[in-house]
Every structure is written in structure tokens, then in C-alpha cells.
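Participant: This is the content of structure20.pdb (PDB, C-alpha atoms):
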```pdb
ATOM      1  CA  MET A   1     148.187 109.346  32.883  1.00  0.00           C
ATOM      2  CA  LEU A   2     149.336 106.415  34.986  1.00  0.00           C
ATOM      3  CA  ILE A   3     147.083 104.573  37.401  1.00  0.00           C
ATOM      4  CA  ARG A   4     149.017 102.440  39.825  1.00  0.00           C
ATOM      5  CA  GLY A   5     146.475  99.664  40.238  1.00  0.00           C
ATOM      6  CA  GLY A   6     143.057  99.559  41.780  1.00  0.00           C
ATOM      7  CA  PHE A   7     139.539  99.938  40.561  1.00  0.00           C
ATOM      8  CA  VAL A   8     138.333 102.767  38.307  1.00  0.00           C
ATOM      9  CA  ASP A   9     134.935 104.238  39.183  1.00  0.00           C
ATOM     10  CA  LEU A  10     133.269 106.436  36.560  1.00  0.00           C
ATOM     11  CA  GLN A  11     130.522 107.742  38.850  1.00  0.00           C
ATOM     12  CA  VAL A  12     131.344 108.871  42.347  1.00  0.00           C
ATOM     13  CA  ASN A  13     128.713 111.288  43.599  1.00  0.00           C
ATOM     14  CA  GLY A  14     130.460 111.520  46.947  1.00  0.00           C
ATOM     15  CA  PHE A  15     131.851 109.404  49.744  1.00  0.00           C
ATOM     16  CA  LEU A  16     132.370 109.486  53.509  1.00  0.00           C
ATOM     17  CA  GLY A  17     129.581 112.053  53.921  1.00  0.00           C
ATOM     18  CA  PHE A  18     130.962 114.400  51.250  1.00  0.00           C
ATOM     19  CA  ASP A  19     128.935 115.260  48.136  1.00  0.00           C
ATOM     20  CA  PHE A  20     130.461 116.652  44.933  1.00  0.00           C
ATOM     21  CA  SER A  21     127.192 118.521  44.279  1.00  0.00           C
ATOM     22  CA  SER A  22     127.185 120.230  47.667  1.00  0.00           C
ATOM     23  CA  PRO A  23     127.324 124.032  47.598  1.00  0.00           C
ATOM     24  CA  GLN A  24     129.747 123.742  50.546  1.00  0.00           C
ATOM     25  CA  LEU A  25     132.246 121.434  48.800  1.00  0.00           C
ATOM     26  CA  THR A  26     135.885 122.238  49.636  1.00  0.00           C
ATOM     27  CA  MET A  27     139.281 121.113  48.384  1.00  0.00           C
ATOM     28  CA  ASP A  28     139.774 119.320  51.715  1.00  0.00           C
ATOM     29  CA  ASP A  29     136.536 117.382  51.061  1.00  0.00           C
ATOM     30  CA  ILE A  30     137.838 116.293  47.660  1.00  0.00           C
ATOM     31  CA  ARG A  31     141.135 115.221  49.217  1.00  0.00           C
ATOM     32  CA  ALA A  32     139.301 113.218  51.901  1.00  0.00           C
ATOM     33  CA  VAL A  33     137.164 111.430  49.285  1.00  0.00           C
ATOM     34  CA  THR A  34     140.211 110.684  47.147  1.00  0.00           C
ATOM     35  CA  ARG A  35     142.219 109.334  50.097  1.00  0.00           C
ATOM     36  CA  GLY A  36     139.262 107.258  51.285  1.00  0.00           C
ATOM     37  CA  LEU A  37     138.689 105.730  47.858  1.00  0.00           C
ATOM     38  CA  VAL A  38     142.378 104.938  47.346  1.00  0.00           C
ATOM     39  CA  GLU A  39     142.610 103.334  50.801  1.00  0.00           C
ATOM     40  CA  ARG A  40     139.701 101.075  49.835  1.00  0.00           C
ATOM     41  CA  GLY A  41     141.115 100.040  46.452  1.00  0.00           C
ATOM     42  CA  THR A  42     139.835 102.606  43.961  1.00  0.00           C
ATOM     43  CA  GLY A  43     142.862 103.919  42.086  1.00  0.00           C
ATOM     44  CA  ALA A  44     141.047 106.557  40.039  1.00  0.00           C
ATOM     45  CA  TYR A  45     137.569 107.964  39.619  1.00  0.00           C
ATOM     46  CA  CYS A  46     135.322 110.555  38.009  1.00  0.00           C
ATOM     47  CA  PRO A  47     133.814 112.928  40.555  1.00  0.00           C
ATOM     48  CA  THR A  48     130.155 113.276  39.605  1.00  0.00           C
ATOM     49  CA  VAL A  49     128.028 116.405  39.866  1.00  0.00           C
ATOM     50  CA  ILE A  50     124.314 115.750  39.579  1.00  0.00           C
ATOM     51  CA  THR A  51     121.581 118.040  38.241  1.00  0.00           C
ATOM     52  CA  SER A  52     122.128 121.189  40.303  1.00  0.00           C
ATOM     53  CA  PRO A  53     121.421 124.903  40.492  1.00  0.00           C
ATOM     54  CA  GLU A  54     123.622 126.922  38.141  1.00  0.00           C
ATOM     55  CA  GLU A  55     125.457 128.452  41.126  1.00  0.00           C
ATOM     56  CA  THR A  56     126.620 124.981  42.182  1.00  0.00           C
ATOM     57  CA  TYR A  57     128.158 124.353  38.760  1.00  0.00           C
ATOM     58  CA  ARG A  58     129.816 127.789  38.825  1.00  0.00           C
ATOM     59  CA  ARG A  59     131.387 127.028  42.186  1.00  0.00           C
ATOM     60  CA  ASN A  60     132.137 123.285  42.074  1.00  0.00           C
ATOM     61  CA  LEU A  61     133.323 122.694  38.505  1.00  0.00           C
ATOM     62  CA  PRO A  62     136.333 125.049  38.808  1.00  0.00           C
ATOM     63  CA  LEU A  63     137.090 123.548  42.233  1.00  0.00           C
ATOM     64  CA  LEU A  64     137.093 120.011  40.826  1.00  0.00           C
ATOM     65  CA  ALA A  65     139.241 121.137  37.882  1.00  0.00           C
ATOM     66  CA  ALA A  66     141.728 122.657  40.334  1.00  0.00           C
ATOM     67  CA  ALA A  67     141.738 119.404  42.341  1.00  0.00           C
ATOM     68  CA  MET A  68     142.785 117.534  39.213  1.00  0.00           C
ATOM     69  CA  ARG A  69     145.996 119.606  39.174  1.00  0.00           C
ATOM     70  CA  GLU A  70     146.826 119.006  42.847  1.00  0.00           C
ATOM     71  CA  PRO A  71     149.940 116.802  43.181  1.00  0.00           C
ATOM     72  CA  ASP A  72     148.295 114.427  45.679  1.00  0.00           C
ATOM     73  CA  MET A  73     145.240 113.954  43.426  1.00  0.00           C
ATOM     74  CA  ARG A  74     146.716 114.149  39.921  1.00  0.00           C
ATOM     75  CA  GLY A  75     145.975 110.907  38.113  1.00  0.00           C
ATOM     76  CA  ARG A  76     143.324 109.936  40.651  1.00  0.00           C
ATOM     77  CA  LEU A  77     140.582 112.227  39.277  1.00  0.00           C
ATOM     78  CA  LEU A  78     140.161 111.192  35.643  1.00  0.00           C
ATOM     79  CA  GLY A  79     137.760 113.967  34.711  1.00  0.00           C
ATOM     80  CA  ILE A  80     134.350 115.223  35.721  1.00  0.00           C
ATOM     81  CA  HIS A  81     131.126 113.304  35.144  1.00  0.00           C
ATOM     82  CA  LEU A  82     128.050 115.513  34.743  1.00  0.00           C
ATOM     83  CA  GLU A  83     124.983 113.455  35.606  1.00  0.00           C
ATOM     84  CA  GLY A  84     122.521 115.964  34.209  1.00  0.00           C
ATOM     85  CA  PRO A  85     121.189 118.595  33.985  1.00  0.00           C
ATOM     86  CA  PHE A  86     120.071 117.322  30.552  1.00  0.00           C
ATOM     87  CA  ILE A  87     118.073 114.371  31.863  1.00  0.00           C
ATOM     88  CA  SER A  88     114.423 113.397  31.641  1.00  0.00           C
ATOM     89  CA  PRO A  89     112.103 115.612  33.668  1.00  0.00           C
ATOM     90  CA  GLN A  90     109.669 112.686  34.092  1.00  0.00           C
ATOM     91  CA  ASP A  91     109.051 111.233  37.536  1.00  0.00           C
ATOM     92  CA  GLY A  92     110.749 107.862  37.838  1.00  0.00           C
ATOM     93  CA  ALA A  93     113.215 108.461  35.002  1.00  0.00           C
ATOM     94  CA  ARG A  94     114.540 111.547  36.821  1.00  0.00           C
ATOM     95  CA  GLY A  95     115.327 109.567  39.969  1.00  0.00           C
ATOM     96  CA  ALA A  96     116.444 111.728  42.885  1.00  0.00           C
ATOM     97  CA  HIS A  97     117.371 114.712  40.709  1.00  0.00           C
ATOM     98  CA  ALA A  98     115.488 117.924  41.522  1.00  0.00           C
ATOM     99  CA  ARG A  99     113.013 118.629  38.718  1.00  0.00           C
ATOM    100  CA  GLU A 100     113.501 122.399  39.002  1.00  0.00           C
ATOM    101  CA  HIS A 101     117.141 122.074  37.907  1.00  0.00           C
ATOM    102  CA  VAL A 102     116.565 119.730  34.946  1.00  0.00           C
ATOM    103  CA  ARG A 103     117.207 121.558  31.664  1.00  0.00           C
ATOM    104  CA  LYS A 104     116.501 120.844  28.039  1.00  0.00           C
ATOM    105  CA  PRO A 105     119.703 119.869  26.235  1.00  0.00           C
ATOM    106  CA  ASP A 106     121.548 123.052  25.296  1.00  0.00           C
ATOM    107  CA  VAL A 107     124.918 123.098  23.516  1.00  0.00           C
ATOM    108  CA  GLY A 108     125.614 126.663  24.697  1.00  0.00           C
ATOM    109  CA  PHE A 109     125.020 125.818  28.344  1.00  0.00           C
ATOM    110  CA  PHE A 110     127.107 122.660  28.035  1.00  0.00           C
ATOM    111  CA  ASP A 111     129.930 124.754  26.538  1.00  0.00           C
ATOM    112  CA  GLU A 112     129.703 127.031  29.585  1.00  0.00           C
ATOM    113  CA  LEU A 113     129.872 124.038  31.942  1.00  0.00           C
ATOM    114  CA  GLN A 114     132.874 122.692  30.038  1.00  0.00           C
ATOM    115  CA  ARG A 115     134.539 126.122  30.282  1.00  0.00           C
ATOM    116  CA  LEU A 116     133.923 126.205  34.050  1.00  0.00           C
ATOM    117  CA  ALA A 117     135.417 122.700  34.281  1.00  0.00           C
ATOM    118  CA  GLU A 118     138.459 123.846  32.260  1.00  0.00           C
ATOM    119  CA  GLY A 119     137.649 121.239  29.613  1.00  0.00           C
ATOM    120  CA  ASN A 120     137.605 118.396  32.132  1.00  0.00           C
ATOM    121  CA  VAL A 121     134.070 117.090  31.585  1.00  0.00           C
ATOM    122  CA  VAL A 122     134.735 113.599  30.255  1.00  0.00           C
ATOM    123  CA  LEU A 123     131.367 111.935  30.837  1.00  0.00           C
ATOM    124  CA  LEU A 124     127.888 113.377  30.362  1.00  0.00           C
ATOM    125  CA  THR A 125     124.640 111.668  31.342  1.00  0.00           C
ATOM    126  CA  VAL A 126     121.876 112.869  29.040  1.00  0.00           C
ATOM    127  CA  ALA A 127     118.354 111.651  28.215  1.00  0.00           C
ATOM    128  CA  PRO A 128     118.584 110.944  24.472  1.00  0.00           C
ATOM    129  CA  GLU A 129     114.806 110.977  24.078  1.00  0.00           C
ATOM    130  CA  VAL A 130     114.438 114.599  25.222  1.00  0.00           C
ATOM    131  CA  GLU A 131     113.945 117.223  22.526  1.00  0.00           C
ATOM    132  CA  GLY A 132     117.296 118.763  21.604  1.00  0.00           C
ATOM    133  CA  ALA A 133     119.379 115.856  22.919  1.00  0.00           C
ATOM    134  CA  LEU A 134     120.647 114.814  19.497  1.00  0.00           C
ATOM    135  CA  ASP A 135     121.830 118.372  18.832  1.00  0.00           C
ATOM    136  CA  LEU A 136     123.839 118.165  22.052  1.00  0.00           C
ATOM    137  CA  ILE A 137     125.099 114.607  21.614  1.00  0.00           C
ATOM    138  CA  ARG A 138     126.459 115.029  18.086  1.00  0.00           C
ATOM    139  CA  PRO A 139     128.804 117.974  18.721  1.00  0.00           C
ATOM    140  CA  VAL A 140     129.732 116.796  22.210  1.00  0.00           C
ATOM    141  CA  SER A 141     130.696 113.384  20.901  1.00  0.00           C
ATOM    142  CA  TYR A 142     133.285 114.783  18.551  1.00  0.00           C
ATOM    143  CA  THR A 143     134.428 118.181  19.720  1.00  0.00           C
ATOM    144  CA  HIS A 144     133.804 118.788  23.403  1.00  0.00           C
ATOM    145  CA  LEU A 145     134.852 115.660  25.270  1.00  0.00           C
ATOM    146  CA  THR A 146     138.426 114.503  25.476  1.00  0.00           C
ATOM    147  CA  LEU A 147     138.781 111.211  27.248  1.00  0.00           C
ATOM    148  CA  PRO A 148     142.012 110.586  29.117  1.00  0.00           C
ATOM    149  CA  THR A 149     144.285 107.756  28.107  1.00  0.00           C
ATOM    150  CA  ILE A 150     144.494 105.320  30.986  1.00  0.00           C
ATOM    151  CA  TYR A 151     147.380 102.945  31.486  1.00  0.00           C
ATOM    152  CA  SER A 152     147.401 100.354  34.224  1.00  0.00           C
ATOM    153  CA  VAL A 153     150.444  98.636  35.631  1.00  0.00           C
TER     154      VAL A 153
END
```
Can the structure from this file be put into C-alpha cells for me?
Facilitator:
Amino acid sequence: MLIRGGFVDLQVNGFLGFDFSSPQLTMDDIRAVTRGLVERGTGAYCPTVITSPEETYRRNLPLLAAAMREPDMRGRLLGIHLEGPFISPQDGARGAHAREHVRKPDVGFFDELQRLAEGNVVLLTVAPEVEGALDLIRPVSYTHLTLPTIYSV
């Protein structure tokens, strides 16, 4: 993968009024975000999907994976960042994430998310103190995540 200069942002939840966790996300939205970021100096980024209903993952993860193959976006989207759903359910620690969509860490569900993303989840935000987190972190660390090699010129 070759990045032709610019910043790299590992957490882009959205931009220009578009949200990667929106149930209405389209390929045109992803293109608009990518163009807008590149025009402002961000050469590559990780689109970030926050703690969401399962239907949102089922719809948006394959869409983001498809965007990564698009000629005008290839090399710009480095992989998908999942910010949740395996975060703390506690007020404050949970931030703006909807409590009803927070889940206990679950290797099987993560595997399903990774399948939907066509193996493109490269960053996972998880609350390590939550019961079951270590069971998720250990296998994910070694078998589920493949980080892209980034070269800058």
C-alpha cells in the first residue's frame, strides 16, 4: 500500500455531515468523505463505526469493505476501526455510545463482524476491564487482525 503524503487518521467517525455508523450510509457518502479528507491533507484513514445496532454492522461493514476496493479510494481507506461494541457500559466511560448496543466481549460476534468486513477490521476499541475482554483480546491480537503495511513517500 502506498500513501502519497498527508496525514493518517486512525479514527474518522465521519466528516462533512456524513457518519460511518449511519444506517443510510452510501458509497457516494464514503467517496465524499474521502475526497474531503484528501483535499484537507489527510492521505489515508480508518473509517470508524461506533457501537451500533447489529443491522448497522450488517449493512455498513460490507459497504466499507467494498469502498476499500474502489479505484478512487484504494489506499486511502486503511481498514475499518470498530469503536465498540465491546466497550464499558458505565456512564461516563461509555461516552456518547448508546448503552443498549454495548455488548460483552464475544469472540464469535467479533468473528462475524470481521467476516462482514471481509477481514478489514484493523483496529478494535475494547474495554479491557470488562468481563470476557481478555478472551477477545488474546485471539484477536494474533489471529484476527492484519494491519496493512504503510509506506510514505
Participant: Which residues fall under the PyMOL selection byres ((chain A and resi 95-104) around 6) in this file, as a PDB file with C-alpha atoms, in the coordinates of the input?
Facilitator:
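Output file out-v2.pdb is given in full below:
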```pdb
ATOM      1  CA  THR A  51     121.581 118.040  38.241  1.00  0.00           C
ATOM      2  CA  SER A  52     122.128 121.189  40.303  1.00  0.00           C
ATOM      3  CA  PRO A  53     121.421 124.903  40.492  1.00  0.00           C
ATOM      4  CA  PRO A  85     121.189 118.595  33.985  1.00  0.00           C
ATOM      5  CA  PHE A  86     120.071 117.322  30.552  1.00  0.00           C
ATOM      6  CA  PRO A  89     112.103 115.612  33.668  1.00  0.00           C
ATOM      7  CA  GLY A  92     110.749 107.862  37.838  1.00  0.00           C
ATOM      8  CA  ALA A  93     113.215 108.461  35.002  1.00  0.00           C
ATOM      9  CA  ARG A  94     114.540 111.547  36.821  1.00  0.00           C
ATOM     10  CA  PRO A 105     119.703 119.869  26.235  1.00  0.00           C
TER      11      PRO A 105
END
```
Participant: Counting only C-alpha atoms, find the residues whose atoms lie at most 10 Å from (139.1, 119.7, 49.2) (file coordinates) and write them out as a PDB file with C-alpha atoms, keeping the file's coordinate frame.
Facilitator:
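The result, written out as part_16.pdb:
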```
ATOM      1  CA  PHE A  18     130.962 114.400  51.250  1.00  0.00           C
ATOM      2  CA  LEU A  25     132.246 121.434  48.800  1.00  0.00           C
ATOM      3  CA  THR A  26     135.885 122.238  49.636  1.00  0.00           C
ATOM      4  CA  MET A  27     139.281 121.113  48.384  1.00  0.00           C
ATOM      5  CA  ASP A  28     139.774 119.320  51.715  1.00  0.00           C
ATOM      6  CA  ASP A  29     136.536 117.382  51.061  1.00  0.00           C
ATOM      7  CA  ILE A  30     137.838 116.293  47.660  1.00  0.00           C
ATOM      8  CA  ARG A  31     141.135 115.221  49.217  1.00  0.00           C
ATOM      9  CA  ALA A  32     139.301 113.218  51.901  1.00  0.00           C
ATOM     10  CA  VAL A  33     137.164 111.430  49.285  1.00  0.00           C
ATOM     11  CA  THR A  34     140.211 110.684  47.147  1.00  0.00           C
ATOM     12  CA  LEU A  63     137.090 123.548  42.233  1.00  0.00           C
ATOM     13  CA  LEU A  64     137.093 120.011  40.826  1.00  0.00           C
ATOM     14  CA  ALA A  66     141.728 122.657  40.334  1.00  0.00           C
ATOM     15  CA  ALA A  67     141.738 119.404  42.341  1.00  0.00           C
TER      16      ALA A  67
END
```
Participant: Quick one: pull the distance between CA of Glu118 in chain A and CA of Ser88 in chain A, Å, one decimal.
Facilitator: 26.2 Å
Participant: How many Å lie between CA of Phe20 in chain A and CA of Arg59 in chain A, rounded to one decimal?
Facilitator: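 CA of Phe20 in chain A sits 10.8 Å away from CA of Arg59 in chain A.
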Participant: Residues within 10 Å of Thr56 in chain A, please, as a list in words. Count all atoms listed in the file; anything in the same chain fewer than 5 positions from it doesn't count.
Facilitator: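 In the requested form, the answer reads Phe20, Ser21, Ser22, Pro23, Gln24, Leu25, Val49, Ile50, Thr51 and Leu61 of chain A.
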Participant: The selected residues should be written to file as a compact mmCIF listing (two decimals), in the frame of the given file (atoms: C-alpha atoms).
Facilitator:
```
# COMPACT_ATOMS: atom_id res chain seq x y z
CA PHE A 20 130.46 116.65 44.93
CA SER A 21 127.19 118.52 44.28
CA SER A 22 127.18 120.23 47.67
CA PRO A 23 127.32 124.03 47.60
CA GLN A 24 129.75 123.74 50.55
CA LEU A 25 132.25 121.43 48.80
CA VAL A 49 128.03 116.40 39.87
CA ILE A 50 124.31 115.75 39.58
CA THR A 51 121.58 118.04 38.24
CA LEU A 61 133.32 122.69 38.51
```
Participant: Counting only C-alpha atoms, figure out which residue out of A:Ala65, A:Leu77, A:Gly5, A:Val12 gets nearest to Gly41 in chain A.
Facilitator: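 Ranking A:Ala65, A:Leu77, A:Gly5, A:Val12 by distance to Gly41 in chain A, first place goes to A:Gly5.
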Participant: Pick the closest to Leu123 in chain A from A:Gln90, A:Leu10, A:Thr42, A:Pro71: which is it, counting only C-alpha atoms?
Facilitator: A:Leu10
Participant: The PyMOL selection byres ((chain A and resi 112) around 12) - which residues does that actually catch in the file I just gave you? List them as a PyMOL selection string.
Facilitator: chain A and resi 54+57-58+61-62+106-111+113-121+144
